[in-house]
Amino acid sequence: MTYEIEIGRGKRGRRAYSLDEIAIVPSRRTRDPEAVSISWQIDAYQFETPVIGAPMDSVMSPASAIALGKLGGLGVLDLEGLWTRYENPQAVLDEISQLKGTADSPAATRRLQELYEAPVQAELITSRLAEIRAAGVTVAGALTPQRTQEFYKTVLAAGVDIFVIRGTTVSAEHVSKDREPLNLKQFIYELDVPVIVGGAAGYTPALHLMRTGAAGVLVGFGGGASSTTRRALGIHSPMASAISDIATARRDYMDESGGRYVHVIADGGMGTSGDIIKAIAMGADAVMLGTVLARAEEAPGKGWHWGAESHHSELPRGDRVELATVGPLQEVLFGPAHHADGTSNVMGALRRSMATTGYSDLKEFQRVEVVVSPY
């Protein structure tokens with residue numbers, strides 16, 4: 001069976017679907033929401049919710065990573081962000097929130113680039129991760145593939161529990177004429193901690209990442225409220241199809257490896273509880289959230305949201321966007337909600353959707369029936 005359609009006489013393309021274009025169909029018995037489990041485990045680390053805080057300066061600070069950890073999720077600190085470039089980044093965060101101009105203002109983008117020119121300091125990586133560890137929650141930090149070789153020893157020495165290698169897109173084999181690229185398979189093999197790596201947008205690149213020994217693969221490219229990758233590079237991967245493709249790669253890799261399970265983590269393009277629910281229905285084990293958590297009162301962006309792409313030194317491809325603050329992190333995750341638009345009590349919504357369709361845990365819920373239902 002093929003889903004390719006003719007775009008013109010010289011080009012065909014496969015039809016792919018975004019999360020907005022699918023819907024979940026109740027087709028089994030129902031349950032009480034309280035009887036549903038939304039816990040998630042990766043390697044030896046157990047979490048009460050399948051929520052990972054995206055390593056973005058507007059979303060995760062040491063304090064917000066600790067708060068998320070105490071609420072049952074996993075906060076990932078950007079180890080190339082403001083918290084490792086400035087001893088006291090609050091003044092910088094305040095300035096970013098007060099920048100004048102529209103979301104894609106050249107002046108605002110230029111100032112972001114200037115603020116992120118400050119060098120990453122190894123001693124700040126150590127102290128920030130130590131602060132999270134002292135709170136008694138799981139410690140996770142993220143580097144891009146370009147900076148991993150430079151700082152990974154510092155990260156490991158600081159006592160990170162889960163190491164994240166996150167980029168706009170990450171491949172198992174990077175070709176470079178100018179420098180020795182990161183050998184992911186060798187690197188992960190030599191590490192003593194589980195590694196989550198991505199993004200990946202399709203079956204084949206995800207399968208190659210799984211073969212490196214990664215514990216989890218991030219699914220996503222060009223999505224999210226603050227990303228303009230689709231406009232800048234013409235690259236985008238509709239999330240519903242991407243998650244389904246990579247969940248299939250997970251199944252095939254289990255057969256190939258004799259049963260080794262690699263977690264599929266949806267990353268980007270999930271701004272409401274409905275998006276989170278549909279991502280898991282399509283096969284994700286967990287979700288990495290930016291926009292949803294950026295709306296919490298504890299988020300360091302204070303209602304503003306931006307990613308690393310927005311301050312890229314040569315080709316920025318992200319907006320600084322203003323979001324509404326909906327309430328404390330507790331309310332955003334678990335309610336009680338005071339908004340009817342899917343921006344708060346997102347885990348309560350997940351429980352209710354699972355209960356309405358009759359599934360008792362996340363792995364079962366990946367089998368729920370879905371339909372194509374564009375709005």
# chains A, B, ... in the order shown; residues from 1 in each chain; ligands from 1
>>> closest_atom_pairs(of="stretch 104-130 of chain A", to="stretch 144-166 of chain A", cutoff="7 Å", atoms="only C-alpha atoms", output="CSV")
residue,atom,partner,partner_atom,distance
A:Ala122,CA,A:Thr154,CA,6.5
A:Ile125,CA,A:Val155,CA,6.9
A:Thr126,CA,A:Ala158,CA,5.1
A:Leu129,CA,A:Ala158,CA,6.4
A:Ala130,CA,A:Ala158,CA,6.5
>>> residues_around(residues="A:Pro374", least_positions_apart="3", cutoff="8 Å", atoms="only C-alpha atoms", output="list in words")
Asp20, Glu21 and Ile22 of chain A
>>> write_last_selection(atoms="all heavy atoms", output="PDB file, in the first residue's frame")
ATOM      1  N   ASP A  20      -3.339  17.856  14.445  1.00  0.00           N
ATOM      2  CA  ASP A  20      -4.636  18.511  14.260  1.00  0.00           C
ATOM      3  C   ASP A  20      -5.560  17.719  13.347  1.00  0.00           C
ATOM      4  O   ASP A  20      -6.786  17.900  13.400  1.00  0.00           O
ATOM      5  CB  ASP A  20      -4.445  19.910  13.653  1.00  0.00           C
ATOM      6  CG  ASP A  20      -3.989  20.932  14.676  1.00  0.00           C
ATOM      7  OD1 ASP A  20      -4.148  20.660  15.876  1.00  0.00           O
ATOM      8  OD2 ASP A  20      -3.467  21.983  14.268  1.00  0.00           O
ATOM      9  N   GLU A  21      -4.988  16.872  12.498  1.00  0.00           N
ATOM     10  CA  GLU A  21      -5.781  16.190  11.479  1.00  0.00           C
ATOM     11  C   GLU A  21      -6.278  14.816  11.908  1.00  0.00           C
ATOM     12  O   GLU A  21      -6.925  14.127  11.122  1.00  0.00           O
ATOM     13  CB  GLU A  21      -4.953  16.049  10.200  1.00  0.00           C
ATOM     14  CG  GLU A  21      -4.629  17.369   9.541  1.00  0.00           C
ATOM     15  CD  GLU A  21      -3.762  17.193   8.316  1.00  0.00           C
ATOM     16  OE1 GLU A  21      -2.555  16.921   8.476  1.00  0.00           O
ATOM     17  OE2 GLU A  21      -4.290  17.326   7.195  1.00  0.00           O
ATOM     18  N   ILE A  22      -5.977  14.415  13.135  1.00  0.00           N
ATOM     19  CA  ILE A  22      -6.477  13.121  13.594  1.00  0.00           C
ATOM     20  C   ILE A  22      -7.331  13.309  14.837  1.00  0.00           C
ATOM     21  O   ILE A  22      -7.275  14.332  15.504  1.00  0.00           O
ATOM     22  CB  ILE A  22      -5.330  12.127  13.891  1.00  0.00           C
ATOM     23  CG1 ILE A  22      -4.496  12.595  15.079  1.00  0.00           C
ATOM     24  CG2 ILE A  22      -4.469  11.907  12.662  1.00  0.00           C
ATOM     25  CD1 ILE A  22      -3.605  11.522  15.641  1.00  0.00           C
TER      26      ILE A  22
END
>>> closest_residue(among="A:Leu143, A:Ala299, A:Ala240, A:Ala349", to="A:Gly198", atoms="only C-alpha atoms")
A:Leu143
>>> select_by_dssp(residues="stretch 76-150 of chain A", states="strand (DSSP E)", output="compact mmCIF listing (two decimals) with N, CA and C atoms, in the first residue's frame")
# COMPACT_ATOMS: atom_id res chain seq x y z
N VAL A 76 14.63 19.09 31.94
CA VAL A 76 15.92 19.03 31.25
C VAL A 76 16.45 20.45 31.09
N LEU A 77 17.61 20.71 31.65
CA LEU A 77 18.21 22.04 31.58
C LEU A 77 19.05 22.17 30.32
N ASP A 78 18.89 23.29 29.61
CA ASP A 78 19.73 23.58 28.45
C ASP A 78 21.11 24.00 28.95
N ALA A 140 18.77 15.96 34.66
CA ALA A 140 18.93 15.80 33.22
C ALA A 140 19.40 17.11 32.61
N GLY A 141 20.33 17.02 31.68
CA GLY A 141 20.83 18.19 30.98
C GLY A 141 20.99 17.89 29.51
N ALA A 142 20.94 18.94 28.69
CA ALA A 142 21.00 18.77 27.24
C ALA A 142 22.10 19.59 26.63
N LEU A 143 22.78 19.00 25.65
CA LEU A 143 23.74 19.68 24.80
C LEU A 143 23.38 19.40 23.34
>>> closest_residue(among="A:His339, A:His263, A:Arg28, A:Arg9", to="A:Ser353", atoms="only C-alpha atoms")
A:Arg28
>>> select_by_dssp(residues="stretch 113-263 of chain A", states="alpha helix (DSSP H)", output="PyMOL selection string")
chain A and resi 113-115+122-134+145-157+184-190+203-211+229-233+239-257
>>> closest_atom_pairs(of="stretch 27-100 of chain A", to="stretch 111-121 of chain A", cutoff="9 Å", atoms="only C-alpha atoms", output="tab-separated table")
residue	atom	partner	partner_atom	distance
A:Leu79	CA	A:Val120	CA	8.0
A:Glu80	CA	A:Val120	CA	6.0
A:Gly81	CA	A:Tyr116	CA	7.6
A:Leu82	CA	A:Tyr116	CA	7.2
A:Trp83	CA	A:Val120	CA	8.9
A:Thr84	CA	A:Val120	CA	5.5
A:Arg85	CA	A:Val120	CA	4.6
A:Tyr86	CA	A:Ala118	CA	7.7
A:Val92	CA	A:Leu115	CA	7.4
A:Ile96	CA	A:Leu112	CA	7.3
A:Leu99	CA	A:Arg111	CA	8.3
>>> residues_around(residues="stretch 277-289 of chain A", least_positions_apart="4", cutoff="7 Å", atoms="only C-alpha atoms", output="short mmCIF file (atom, residue, chain, number, x, y, z; two decimals) with N, CA and C atoms, in the first residue's frame")
data_model
loop_
_atom_site.label_atom_id
_atom_site.label_comp_id
_atom_site.auth_asym_id
_atom_site.auth_seq_id
_atom_site.Cartn_x
_atom_site.Cartn_y
_atom_site.Cartn_z
N LEU A 19 -1.00 16.44 14.05
CA LEU A 19 -1.87 16.04 15.16
C LEU A 19 -3.25 16.67 15.04
N PRO A 50 4.27 11.27 32.05
CA PRO A 50 5.13 11.13 30.87
C PRO A 50 5.57 12.50 30.33
N VAL A 51 5.90 13.43 31.22
CA VAL A 51 6.19 14.81 30.83
C VAL A 51 7.67 15.11 31.02
N ILE A 52 8.31 15.61 29.96
CA ILE A 52 9.69 16.07 30.01
C ILE A 52 9.69 17.55 29.66
N GLY A 53 10.31 18.36 30.51
CA GLY A 53 10.42 19.78 30.24
C GLY A 53 11.48 20.04 29.19
N ALA A 54 11.13 20.73 28.12
CA ALA A 54 12.06 20.98 27.02
C ALA A 54 13.22 21.85 27.49
N ALA A 240 1.86 13.64 13.64
CA ALA A 240 1.13 12.38 13.77
C ALA A 240 1.80 11.28 12.95
N ILE A 243 5.45 10.43 14.42
CA ILE A 243 5.42 9.57 15.61
C ILE A 243 5.08 8.14 15.23
N SER A 244 4.08 7.97 14.37
CA SER A 244 3.70 6.63 13.94
C SER A 244 4.84 5.92 13.22
N ALA A 247 7.47 5.00 15.85
CA ALA A 247 6.99 3.90 16.68
C ALA A 247 7.13 2.57 15.94
N HIS A 263 12.61 4.21 23.81
CA HIS A 263 11.45 5.06 24.04
C HIS A 263 11.32 6.11 22.94
N VAL A 264 10.09 6.32 22.51
CA VAL A 264 9.77 7.33 21.52
C VAL A 264 9.18 8.53 22.26
N ILE A 265 9.81 9.69 22.10
CA ILE A 265 9.41 10.89 22.84
C ILE A 265 9.04 11.98 21.84
N ALA A 266 7.78 12.35 21.82
CA ALA A 266 7.31 13.41 20.92
C ALA A 266 7.84 14.75 21.42
N ASP A 267 8.38 15.56 20.51
CA ASP A 267 9.06 16.79 20.89
C ASP A 267 8.68 17.91 19.92
N GLY A 268 7.72 18.75 20.32
CA GLY A 268 7.35 19.88 19.48
C GLY A 268 5.96 19.76 18.90
N SER A 273 -3.56 20.02 25.71
CA SER A 273 -3.70 18.65 26.21
C SER A 273 -4.13 17.70 25.11
N LEU A 293 4.46 24.19 29.19
CA LEU A 293 5.11 24.53 30.46
C LEU A 293 5.53 25.99 30.50
N LEU A 350 -5.40 13.88 29.95
CA LEU A 350 -4.88 12.60 29.48
C LEU A 350 -5.56 11.44 30.20
N PHE A 365 -2.78 2.44 25.72
CA PHE A 365 -3.44 3.54 25.02
C PHE A 365 -2.85 3.77 23.64
N GLN A 366 -1.62 3.34 23.39
CA GLN A 366 -1.03 3.45 22.06
C GLN A 366 -1.80 2.64 21.02
N ARG A 367 -2.67 1.74 21.47
CA ARG A 367 -3.46 0.92 20.55
C ARG A 367 -4.84 1.52 20.25
N VAL A 368 -5.14 2.68 20.79
CA VAL A 368 -6.46 3.27 20.61
C VAL A 368 -6.74 3.55 19.14
#
